[in-house]
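Engineer: You'll find data_32.cif just under this line, and it carries mmCIF, C-alpha atoms.
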```cif
data_entry
#
loop_
_atom_site.label_atom_id
_atom_site.label_comp_id
_atom_site.auth_asym_id
_atom_site.auth_seq_id
_atom_site.Cartn_x
_atom_site.Cartn_y
_atom_site.Cartn_z
CA MET R 181 6.84 -0.07 -8.57
CA ALA R 182 9.29 -1.52 -6.06
CA THR R 183 7.77 -3.31 -3.10
CA ALA R 184 9.06 -3.75 0.43
CA LYS R 185 9.39 -7.45 -0.25
CA SER R 186 11.57 -6.97 -3.31
CA LYS R 187 14.37 -5.48 -1.19
CA LYS R 188 14.84 -8.81 0.57
CA LYS R 189 17.35 -11.15 -1.02
CA SER R 190 16.16 -14.60 -1.93
CA ASN R 191 18.16 -17.75 -1.33
CA THR R 192 15.92 -19.64 -3.75
CA SER R 193 17.69 -20.95 -6.87
CA LYS R 194 17.27 -19.35 -10.28
CA ASP R 195 15.50 -22.42 -11.66
CA ASP R 196 13.04 -22.53 -8.75
CA LEU R 197 12.25 -18.82 -9.03
CA LEU R 198 11.72 -19.10 -12.79
CA SER R 199 9.45 -22.12 -12.31
CA LEU R 200 7.33 -20.29 -9.71
CA TYR R 201 7.18 -17.23 -11.96
CA ARG R 202 6.05 -19.27 -14.97
CA GLU R 203 3.36 -21.13 -13.02
CA MET R 204 1.86 -17.96 -11.56
CA LEU R 205 2.01 -16.14 -14.88
CA LEU R 206 0.29 -19.06 -16.65
CA ILE R 207 -2.61 -18.88 -14.20
CA ARG R 208 -2.96 -15.13 -14.56
CA ARG R 209 -2.84 -15.11 -18.37
CA PHE R 210 -5.23 -18.08 -18.50
CA GLU R 211 -7.71 -16.34 -16.22
CA GLU R 212 -7.48 -13.10 -18.19
CA LYS R 213 -8.31 -15.06 -21.34
CA ALA R 214 -11.16 -16.87 -19.57
CA GLY R 215 -12.56 -13.48 -18.60
CA GLN R 216 -12.43 -12.40 -22.25
CA LEU R 217 -14.16 -15.57 -23.44
CA TYR R 218 -16.86 -15.11 -20.80
CA GLY R 219 -17.46 -11.57 -22.06
CA MET R 220 -17.81 -12.96 -25.60
CA GLY R 221 -20.49 -15.39 -24.44
CA LEU R 222 -18.32 -18.48 -24.97
CA ILE R 223 -18.39 -19.46 -21.29
CA GLY R 224 -21.80 -19.97 -19.72
CA GLY R 225 -22.91 -20.24 -16.12
CA PHE R 226 -20.70 -19.11 -13.27
CA CYS R 227 -17.03 -18.20 -13.65
CA HIS R 228 -14.86 -17.28 -10.66
CA LEU R 229 -11.38 -15.98 -11.52
CA TYR R 230 -8.25 -16.58 -9.44
CA ILE R 231 -6.41 -13.40 -10.45
CA GLY R 232 -4.38 -12.09 -7.48
CA GLN R 233 -4.31 -15.36 -5.53
CA GLU R 234 -1.81 -17.22 -7.74
CA ALA R 235 0.92 -17.49 -5.08
CA VAL R 236 -1.22 -19.66 -2.82
CA VAL R 237 -1.70 -22.68 -5.04
CA VAL R 238 1.66 -22.36 -6.84
CA GLY R 239 3.55 -22.19 -3.54
CA LEU R 240 1.72 -25.18 -2.08
CA GLU R 241 2.11 -27.28 -5.23
CA ALA R 242 5.86 -26.63 -4.92
CA ALA R 243 5.68 -28.36 -1.51
CA ALA R 244 3.59 -31.31 -2.76
CA GLU R 245 4.83 -34.68 -3.97
CA GLU R 246 3.54 -37.08 -6.61
CA GLY R 247 0.39 -38.79 -5.36
CA ASP R 248 -0.68 -36.00 -3.01
CA LYS R 249 -4.31 -34.95 -3.52
CA ARG R 250 -6.06 -31.63 -3.78
CA ILE R 251 -9.70 -30.54 -3.58
CA THR R 252 -11.12 -27.04 -3.67
CA SER R 253 -14.17 -24.83 -4.17
CA TYR R 254 -15.53 -23.18 -7.30
CA ARG R 255 -12.59 -20.74 -7.71
CA ASP R 256 -10.59 -23.62 -9.08
CA HIS R 257 -8.92 -22.94 -12.44
CA GLY R 258 -5.63 -21.98 -10.79
CA HIS R 259 -5.52 -25.23 -8.82
CA MET R 260 -6.06 -27.24 -12.00
CA LEU R 261 -3.23 -25.55 -13.85
CA ALA R 262 -0.85 -25.65 -10.89
CA CYS R 263 -1.22 -29.42 -10.48
CA GLY R 264 -0.39 -29.97 -14.14
CA MET R 265 -3.77 -30.29 -15.85
CA ASP R 266 -3.64 -29.39 -19.55
CA PRO R 267 -4.74 -25.77 -20.24
CA LYS R 268 -6.48 -27.01 -23.40
CA GLY R 269 -8.67 -29.44 -21.47
CA VAL R 270 -9.43 -26.85 -18.79
CA MET R 271 -10.42 -24.17 -21.30
CA ALA R 272 -12.48 -26.63 -23.34
CA GLU R 273 -14.39 -27.57 -20.21
CA LEU R 274 -15.01 -23.91 -19.39
CA THR R 275 -16.58 -23.49 -22.80
CA GLY R 276 -18.66 -26.68 -22.46
CA ARG R 277 -16.84 -28.64 -25.17
CA GLU R 278 -16.25 -32.34 -25.72
CA GLY R 279 -12.50 -31.91 -25.31
CA GLY R 280 -12.91 -30.69 -21.71
CA TYR R 281 -11.89 -32.63 -18.63
CA SER R 282 -15.52 -33.49 -17.86
CA LYS R 283 -16.51 -33.75 -21.54
CA GLY R 284 -18.15 -30.33 -21.38
CA LYS R 285 -20.66 -31.33 -18.71
CA GLY R 286 -19.02 -29.85 -15.64
CA GLY R 287 -18.05 -26.35 -16.65
CA SER R 288 -16.05 -24.00 -14.46
CA MET R 289 -16.99 -25.45 -11.09
CA HIS R 290 -16.97 -29.20 -11.70
CA MET R 291 -13.78 -30.49 -13.26
CA PHE R 292 -11.92 -33.58 -12.18
CA SER R 293 -8.68 -35.41 -12.99
CA LEU R 294 -7.83 -38.76 -11.43
CA GLU R 295 -4.45 -38.67 -13.17
CA LYS R 296 -3.49 -35.39 -11.47
CA HIS R 297 -5.23 -36.28 -8.18
CA PHE R 298 -7.54 -33.28 -8.56
CA TYR R 299 -10.93 -33.99 -6.98
CA GLY R 300 -12.82 -30.78 -7.89
CA GLY R 301 -14.19 -28.07 -8.17
CA HIS R 302 -17.25 -27.88 -5.80
CA GLY R 303 -20.12 -25.44 -6.08
CA ILE R 304 -21.58 -25.78 -2.58
CA VAL R 305 -19.77 -23.55 -0.09
CA GLY R 306 -17.68 -25.66 2.29
CA ALA R 307 -18.92 -29.01 0.92
CA GLN R 308 -15.45 -30.01 -0.27
CA VAL R 309 -13.97 -29.85 3.25
CA PRO R 310 -15.39 -33.14 4.60
CA ILE R 311 -14.65 -34.79 1.25
CA GLY R 312 -11.03 -33.67 1.62
CA ALA R 313 -10.86 -35.34 5.02
CA GLY R 314 -12.31 -38.47 3.42
CA LEU R 315 -9.53 -38.48 0.82
CA ALA R 316 -6.98 -38.16 3.63
CA PHE R 317 -8.70 -41.00 5.51
CA SER R 318 -8.24 -43.27 2.49
CA ASP R 319 -4.51 -42.45 2.41
CA LYS R 320 -4.12 -43.11 6.12
CA TYR R 321 -5.95 -46.44 5.68
CA ARG R 322 -3.59 -47.40 2.86
CA GLU R 323 -0.52 -46.15 4.82
CA ASN R 324 0.87 -44.62 1.63
CA GLY R 325 2.33 -41.41 3.11
CA ARG R 326 0.20 -39.12 0.94
CA VAL R 327 -1.24 -35.76 1.99
CA THR R 328 -4.47 -34.01 0.92
CA PHE R 329 -4.63 -30.24 0.40
CA THR R 330 -8.19 -29.15 1.20
CA TYR R 331 -8.82 -25.57 0.07
CA PHE R 332 -11.69 -23.33 1.19
CA GLY R 333 -12.32 -19.62 1.66
CA ASP R 334 -12.86 -17.24 4.56
CA GLY R 335 -16.62 -17.35 3.92
CA ALA R 336 -16.70 -21.15 3.97
CA ALA R 337 -14.79 -21.07 7.25
CA ASN R 338 -18.06 -20.10 8.95
CA GLN R 339 -19.86 -23.25 7.76
CA GLY R 340 -20.66 -25.86 10.38
CA GLN R 341 -19.39 -28.83 8.38
CA VAL R 342 -15.88 -27.34 8.53
CA TYR R 343 -15.79 -27.82 12.32
CA GLU R 344 -17.30 -31.28 12.18
CA THR R 345 -14.46 -32.10 9.80
CA PHE R 346 -11.83 -30.52 12.06
CA ASN R 347 -13.07 -32.71 14.91
CA MET R 348 -12.91 -35.96 12.93
CA ALA R 349 -9.57 -35.11 11.29
CA ALA R 350 -8.02 -34.41 14.69
CA LEU R 351 -9.64 -37.46 16.29
CA TRP R 352 -8.25 -39.78 13.60
CA ASP R 353 -4.94 -37.94 12.96
CA LEU R 354 -5.73 -37.56 9.26
CA PRO R 355 -2.97 -36.31 6.91
CA VAL R 356 -4.95 -33.32 5.67
CA ILE R 357 -3.80 -29.72 5.26
CA PHE R 358 -6.72 -27.31 5.57
CA VAL R 359 -5.88 -24.30 3.38
CA ILE R 360 -8.00 -21.24 4.10
CA GLU R 361 -7.71 -18.87 1.13
CA ASN R 362 -8.62 -15.72 3.01
CA ASN R 363 -9.07 -13.18 0.21
CA GLN R 364 -10.78 -10.79 2.67
CA TYR R 365 -14.26 -10.95 1.12
CA ALA R 366 -16.91 -13.67 1.34
CA MET R 367 -18.67 -12.74 -1.89
CA GLY R 368 -19.32 -9.07 -1.03
CA THR R 369 -19.02 -9.29 2.76
CA ALA R 370 -15.75 -8.11 4.31
CA MET R 371 -14.23 -10.62 6.70
CA GLY R 372 -14.51 -8.19 9.64
CA ARG R 373 -18.30 -8.13 9.24
CA SER R 374 -18.77 -11.89 9.17
CA THR R 375 -15.99 -13.48 11.21
CA SER R 376 -15.62 -13.00 14.96
CA THR R 377 -11.88 -13.76 15.16
CA PRO R 378 -9.08 -11.71 13.57
CA ASP R 379 -7.39 -14.92 12.41
CA ILE R 380 -9.30 -17.97 11.21
CA TYR R 381 -6.57 -20.59 11.66
CA THR R 382 -6.82 -20.21 15.46
CA ARG R 383 -10.21 -21.92 15.37
CA GLY R 384 -8.32 -25.19 15.06
CA GLU R 385 -6.99 -24.78 18.60
CA ALA R 386 -10.23 -26.10 20.08
CA PHE R 387 -9.54 -29.39 18.31
CA GLY R 388 -5.82 -29.46 18.97
CA ILE R 389 -4.98 -28.68 15.33
CA PRO R 390 -1.87 -26.52 14.90
CA GLY R 391 -1.77 -23.84 12.24
CA GLU R 392 -0.39 -20.52 11.13
CA ALA R 393 -1.19 -17.40 9.15
CA VAL R 394 0.87 -16.93 5.99
CA ASP R 395 1.43 -14.03 3.60
CA GLY R 396 -0.46 -15.52 0.68
CA MET R 397 0.92 -12.87 -1.68
CA ASP R 398 4.50 -14.15 -1.19
CA VAL R 399 5.00 -17.44 -3.02
CA LEU R 400 8.23 -18.20 -1.15
CA ALA R 401 6.52 -17.75 2.22
CA VAL R 402 3.69 -19.98 1.01
CA LYS R 403 6.10 -22.70 -0.12
CA ALA R 404 7.98 -22.61 3.20
CA ALA R 405 4.74 -22.88 5.19
CA GLY R 406 3.60 -25.67 2.89
CA MET R 407 6.78 -27.62 3.59
CA ARG R 408 6.17 -27.31 7.35
CA ALA R 409 2.57 -28.45 7.02
CA VAL R 410 3.47 -31.36 4.74
CA ALA R 411 6.23 -32.55 7.11
CA HIS R 412 3.76 -32.43 10.01
CA CYS R 413 1.20 -34.55 8.15
CA ARG R 414 3.66 -37.06 6.73
CA ALA R 415 5.07 -37.61 10.22
CA GLY R 416 1.64 -38.92 11.30
CA LYS R 417 0.87 -35.95 13.54
CA GLY R 418 -2.57 -35.32 12.06
CA PRO R 419 -4.04 -32.25 10.34
CA TYR R 420 -2.58 -28.77 9.95
CA ILE R 421 -4.21 -25.41 9.10
CA LEU R 422 -2.69 -22.79 6.81
CA GLU R 423 -4.53 -19.47 6.60
CA MET R 424 -3.36 -17.73 3.46
CA LYS R 425 -3.85 -13.97 3.68
CA THR R 426 -4.43 -13.23 0.02
CA TYR R 427 -6.50 -10.94 -2.20
CA ARG R 428 -8.56 -11.27 -5.36
CA TYR R 429 -8.38 -8.46 -7.89
CA ARG R 430 -11.63 -9.24 -9.69
CA GLY R 431 -15.15 -9.56 -8.34
CA HIS R 432 -16.41 -12.68 -6.60
CA SER R 433 -17.58 -13.96 -9.98
CA MET R 434 -17.82 -12.46 -13.46
CA SER R 435 -21.28 -11.09 -12.62
CA ASP R 436 -20.03 -9.19 -9.55
CA PRO R 437 -19.38 -5.44 -10.05
CA ALA R 438 -17.48 -5.41 -6.70
CA LYS R 439 -18.95 -2.13 -5.48
CA TYR R 440 -18.29 -3.12 -1.85
CA ARG R 441 -14.67 -1.96 -2.12
CA THR R 442 -12.91 0.98 -3.75
CA ARG R 443 -10.77 0.90 -6.87
CA GLU R 444 -8.04 2.52 -4.79
CA GLU R 445 -8.01 -0.46 -2.40
CA VAL R 446 -7.53 -2.93 -5.25
CA GLN R 447 -4.94 -0.75 -6.98
CA LYS R 448 -2.90 -0.39 -3.79
CA VAL R 449 -2.62 -4.17 -3.43
CA ARG R 450 -1.67 -4.51 -7.12
CA GLU R 451 1.07 -1.90 -6.77
CA THR R 452 2.54 -2.95 -3.44
CA ARG R 453 1.84 -6.67 -2.91
CA ASP R 454 1.41 -8.35 -6.30
CA ALA R 455 2.77 -11.91 -6.08
CA ILE R 456 4.03 -12.14 -9.66
CA GLU R 457 5.68 -8.73 -9.57
CA HIS R 458 7.47 -9.75 -6.36
CA VAL R 459 9.13 -12.76 -8.03
CA ARG R 460 9.82 -10.75 -11.17
CA GLU R 461 11.80 -8.24 -9.12
CA LEU R 462 13.70 -11.01 -7.34
CA LEU R 463 14.70 -12.43 -10.73
CA LEU R 464 15.84 -9.05 -12.02
CA GLN R 465 17.65 -7.96 -8.86
CA GLY R 466 19.40 -11.31 -8.53
CA LYS R 467 20.42 -11.06 -12.20
CA HIS R 468 18.73 -14.43 -12.80
CA ALA R 469 16.90 -13.04 -15.83
CA SER R 470 16.82 -9.93 -17.97
CA GLU R 471 13.80 -7.83 -18.90
CA ASP R 472 13.94 -9.33 -22.41
CA GLU R 473 14.04 -12.89 -21.07
CA LEU R 474 10.99 -12.24 -18.88
CA LYS R 475 9.15 -10.70 -21.84
CA ALA R 476 9.95 -13.85 -23.83
CA ILE R 477 8.47 -16.02 -21.05
CA ASP R 478 5.31 -13.90 -21.07
CA LYS R 479 5.06 -14.20 -24.86
CA GLU R 480 5.52 -17.98 -24.64
CA ILE R 481 2.79 -18.30 -21.99
CA LYS R 482 0.38 -16.10 -23.94
CA ALA R 483 0.90 -18.45 -26.89
CA VAL R 484 0.04 -21.47 -24.70
CA VAL R 485 -3.14 -19.74 -23.52
CA SER R 486 -4.12 -18.67 -27.04
CA GLU R 487 -3.63 -22.25 -28.20
CA ALA R 488 -5.89 -23.44 -25.38
CA ALA R 489 -8.57 -20.93 -26.40
CA ASP R 490 -8.32 -22.02 -30.05
CA PHE R 491 -8.59 -25.67 -29.02
CA ALA R 492 -11.69 -24.87 -26.97
CA ARG R 493 -13.36 -23.01 -29.84
CA GLU R 494 -12.61 -25.81 -32.31
CA SER R 495 -13.65 -28.66 -30.02
CA PRO R 496 -17.24 -29.78 -30.75
CA GLU R 497 -20.05 -29.56 -28.23
CA PRO R 498 -20.85 -32.90 -26.56
CA ALA R 499 -23.40 -35.12 -28.28
CA PRO R 500 -26.88 -35.20 -26.64
CA ASP R 501 -26.45 -38.84 -25.59
CA GLU R 502 -23.50 -37.75 -23.44
CA LEU R 503 -26.17 -36.79 -20.89
CA TRP R 504 -26.54 -40.46 -20.05
CA THR R 505 -22.88 -41.26 -19.42
CA ASP R 506 -20.92 -41.10 -16.13
CA ILE R 507 -24.04 -41.17 -13.94
CA TYR R 508 -25.03 -43.56 -11.16
CA ALA R 509 -28.66 -44.20 -12.07
#
```
Using structure tokens, write down the structure that the file contains.

Structural biologist:
Amino acid sequence: MATAKSKKKSNTSKDDLLSLYREMLLIRRFEEKAGQLYGMGLIGGFCHLYIGQEAVVVGLEAAAEEGDKRITSYRDHGHMLACGMDPKGVMAELTGREGGYSKGKGGSMHMFSLEKHFYGGHGIVGAQVPIGAGLAFSDKYRENGRVTFTYFGDGAANQGQVYETFNMAALWDLPVIFVIENNQYAMGTAMGRSTSTPDIYTRGEAFGIPGEAVDGMDVLAVKAAGMRAVAHCRAGKGPYILEMKTYRYRGHSMSDPAKYRTREEVQKVRETRDAIEHVRELLLQGKHASEDELKAIDKEIKAVVSEAADFARESPEPAPDELWTDIYA
């Protein structure tokens, strides 16, 4: 179905559009497969899927540079893939296998990659926000020009530690971009029932932190906003807030039946605002790709995801003595 967005012409190059399309499609197909593996009992514990929100992290990664850092909450698989972490290692970690990024000990919520500057994956709501400011502090101390993307949700935005962090980040002019992934529901609570302001980014005004609301279902709008935020931080002007108005298609986690909203609500967003469909239509309308070429990309990505799932199944479970490695005491 054609969307209002698709009627706008894009001045983004063919290669850039195809890259954004591939990255978003990889996340979606990966998450669909993760959902299947969870249903088969191959993924234990919690599992929070990113389906619907792909444009946020893909757009912001397009604005990032080598050496920039990222930290997020438990809905983190998309962030891992977007920053270049190997789908095989991510899927193996989800299934608790030795070949996973945390050797099968972290699972869905606690992966880490120093190579890709990915600092988690955090299970405590809002706990990653002060850590993100700490990462930015280290970059400011080193004067290396790096920026930290600190992701959290609309529910976490009501946590006190977020505002303590805003205060310190503003006081010390830290190069941190606070990314609020506002998917409209804090678990099962609609934003309007839990948040006193219509926009969350405006809460930074009390600390002198500039920010803006962004259509988080439009990857090009996300990238443009990301470029503005990154330029602000790299210029030494301190933190910046981006509130991404996005939407998740699945429940809060795999155990959530999502009865707090109607099927019609979800279907309407899928049909009129889907981020991947938007870029697909731009590619077709701009004659950058044919239907057959896009089908070939989808087939290629499905093969990558299937290979990741096979790798996860074949990777052994960690040995019992692995319990005693990578700990502080």

Engineer: Applying the PyMOL selection byres ((chain R and resi 392) around 7) to the file I just gave you, which residues come out? Please list them as a ChimeraX atom specification.

Structural biologist: /R:381,391,393-394,421-423

Engineer: Starting from the displayed file, determine the output of the PyMOL selection byres ((chain R and resi 405) around 12) and express the residue list as a PyMOL selection string.

Structural biologist: chain R and resi 236+239-244+357+359+391-396+398-404+406-412+420-424

Engineer: Any chance you could work out the residue set of the PyMOL selection byres ((chain R and resi 426) around 7) here, as a list in words?

Structural biologist: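 So the PyMOL selection byres ((chain R and resi 426) around 7) ends up selecting Gln233, Glu361, Asn362, Asn363, Asp395, Gly396, Met397, Met424, Lys425 and Tyr427 of chain R.
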
Engineer: R:Arg414, R:Arg277, R:His302, R:Arg428: which is nearest Gly232 of chain R, counting only C-alpha atoms?

Structural biologist: R:Arg428

Engineer: Would you compute the distance between atom CA of Ala386 of chain R and atom CA of Glu344 of chain R? Give it in Å to one decimal.

Structural biologist: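 About the pair atom CA of Ala386 of chain R and atom CA of Glu344 of chain R: they are 11.8 Å apart.
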
Engineer: Could you complete segment 479-508 of chain R so that it carries N, CA and C atoms, and give it back as an mmCIF file, in the coordinates of the input?

Structural biologist:
```
data_model
loop_
_atom_site.group_PDB
_atom_site.id
_atom_site.type_symbol
_atom_site.label_atom_id
_atom_site.label_comp_id
_atom_site.auth_asym_id
_atom_site.auth_seq_id
_atom_site.Cartn_x
_atom_site.Cartn_y
_atom_site.Cartn_z
ATOM 1 N N LYS R 479 5.522 -13.940 -23.489
ATOM 2 C CA LYS R 479 5.060 -14.200 -24.860
ATOM 3 C C LYS R 479 4.788 -15.689 -25.062
ATOM 4 N N GLU R 480 5.664 -16.523 -24.519
ATOM 5 C CA GLU R 480 5.520 -17.980 -24.640
ATOM 6 C C GLU R 480 4.237 -18.457 -23.940
ATOM 7 N N ILE R 481 3.978 -17.896 -22.755
ATOM 8 C CA ILE R 481 2.790 -18.300 -21.990
ATOM 9 C C ILE R 481 1.517 -17.799 -22.666
ATOM 10 N N LYS R 482 1.554 -16.607 -23.198
ATOM 11 C CA LYS R 482 0.380 -16.100 -23.940
ATOM 12 C C LYS R 482 0.065 -16.995 -25.131
ATOM 13 N N ALA R 483 1.111 -17.543 -25.762
ATOM 14 C CA ALA R 483 0.900 -18.450 -26.890
ATOM 15 C C ALA R 483 0.231 -19.744 -26.430
ATOM 16 N N VAL R 484 0.650 -20.256 -25.262
ATOM 17 C CA VAL R 484 0.040 -21.470 -24.700
ATOM 18 C C VAL R 484 -1.445 -21.231 -24.425
ATOM 19 N N VAL R 485 -1.754 -20.069 -23.851
ATOM 20 C CA VAL R 485 -3.140 -19.740 -23.520
ATOM 21 C C VAL R 485 -3.982 -19.527 -24.773
ATOM 22 N N SER R 486 -3.400 -18.872 -25.775
ATOM 23 C CA SER R 486 -4.120 -18.670 -27.040
ATOM 24 C C SER R 486 -4.411 -20.005 -27.713
ATOM 25 N N GLU R 487 -3.450 -20.911 -27.635
ATOM 26 C CA GLU R 487 -3.630 -22.250 -28.200
ATOM 27 C C GLU R 487 -4.758 -22.991 -27.482
ATOM 28 N N ALA R 488 -4.821 -22.813 -26.167
ATOM 29 C CA ALA R 488 -5.890 -23.440 -25.380
ATOM 30 C C ALA R 488 -7.254 -22.875 -25.784
ATOM 31 N N ALA R 489 -7.311 -21.555 -25.993
ATOM 32 C CA ALA R 489 -8.570 -20.930 -26.400
ATOM 33 C C ALA R 489 -8.994 -21.403 -27.785
ATOM 34 N N ASP R 490 -8.020 -21.532 -28.695
ATOM 35 C CA ASP R 490 -8.320 -22.020 -30.050
ATOM 36 C C ASP R 490 -8.832 -23.465 -30.003
ATOM 37 N N PHE R 491 -8.172 -24.277 -29.166
ATOM 38 C CA PHE R 491 -8.590 -25.670 -29.020
ATOM 39 C C PHE R 491 -10.032 -25.742 -28.509
ATOM 40 N N ALA R 492 -10.347 -24.878 -27.538
ATOM 41 C CA ALA R 492 -11.690 -24.870 -26.970
ATOM 42 C C ALA R 492 -12.735 -24.480 -28.019
ATOM 43 N N ARG R 493 -12.421 -23.460 -28.805
ATOM 44 C CA ARG R 493 -13.360 -23.010 -29.840
ATOM 45 C C ARG R 493 -13.598 -24.092 -30.896
ATOM 46 N N GLU R 494 -12.525 -24.817 -31.227
ATOM 47 C CA GLU R 494 -12.610 -25.810 -32.310
ATOM 48 C C GLU R 494 -13.172 -27.148 -31.841
ATOM 49 N N SER R 495 -13.128 -27.397 -30.538
ATOM 50 C CA SER R 495 -13.650 -28.660 -30.020
ATOM 51 C C SER R 495 -15.179 -28.656 -30.128
ATOM 52 N N PRO R 496 -15.779 -29.755 -30.599
ATOM 53 C CA PRO R 496 -17.240 -29.780 -30.750
ATOM 54 C C PRO R 496 -17.969 -29.808 -29.408
ATOM 55 N N GLU R 497 -19.215 -29.423 -29.427
ATOM 56 C CA GLU R 497 -20.050 -29.560 -28.230
ATOM 57 C C GLU R 497 -20.358 -31.041 -28.034
ATOM 58 N N PRO R 498 -20.567 -31.475 -26.789
ATOM 59 C CA PRO R 498 -20.850 -32.900 -26.560
ATOM 60 C C PRO R 498 -22.153 -33.319 -27.216
ATOM 61 N N ALA R 499 -22.187 -34.583 -27.663
ATOM 62 C CA ALA R 499 -23.400 -35.120 -28.280
ATOM 63 C C ALA R 499 -24.507 -35.228 -27.222
ATOM 64 N N PRO R 500 -25.770 -35.108 -27.608
ATOM 65 C CA PRO R 500 -26.880 -35.200 -26.640
ATOM 66 C C PRO R 500 -26.864 -36.461 -25.790
ATOM 67 N N ASP R 501 -26.428 -37.600 -26.372
ATOM 68 C CA ASP R 501 -26.450 -38.840 -25.590
ATOM 69 C C ASP R 501 -25.367 -38.877 -24.513
ATOM 70 N N GLU R 502 -24.513 -37.868 -24.497
ATOM 71 C CA GLU R 502 -23.500 -37.750 -23.440
ATOM 72 C C GLU R 502 -24.163 -37.486 -22.082
ATOM 73 N N LEU R 503 -25.412 -37.007 -22.138
ATOM 74 C CA LEU R 503 -26.170 -36.790 -20.890
ATOM 75 C C LEU R 503 -26.305 -38.063 -20.066
ATOM 76 N N TRP R 504 -26.266 -39.210 -20.724
ATOM 77 C CA TRP R 504 -26.540 -40.460 -20.050
ATOM 78 C C TRP R 504 -25.274 -41.233 -19.663
ATOM 79 N N THR R 505 -24.124 -40.594 -19.806
ATOM 80 C CA THR R 505 -22.880 -41.260 -19.420
ATOM 81 C C THR R 505 -22.376 -40.712 -18.082
ATOM 82 N N ASP R 506 -21.564 -41.507 -17.393
ATOM 83 C CA ASP R 506 -20.920 -41.100 -16.130
ATOM 84 C C ASP R 506 -21.941 -40.719 -15.060
ATOM 85 N N ILE R 507 -23.048 -41.425 -14.996
ATOM 86 C CA ILE R 507 -24.040 -41.170 -13.940
ATOM 87 C C ILE R 507 -24.305 -42.485 -13.207
ATOM 88 N N TYR R 508 -24.854 -42.378 -12.015
ATOM 89 C CA TYR R 508 -25.030 -43.560 -11.160
ATOM 90 C C TYR R 508 -26.384 -44.236 -11.320
#
```
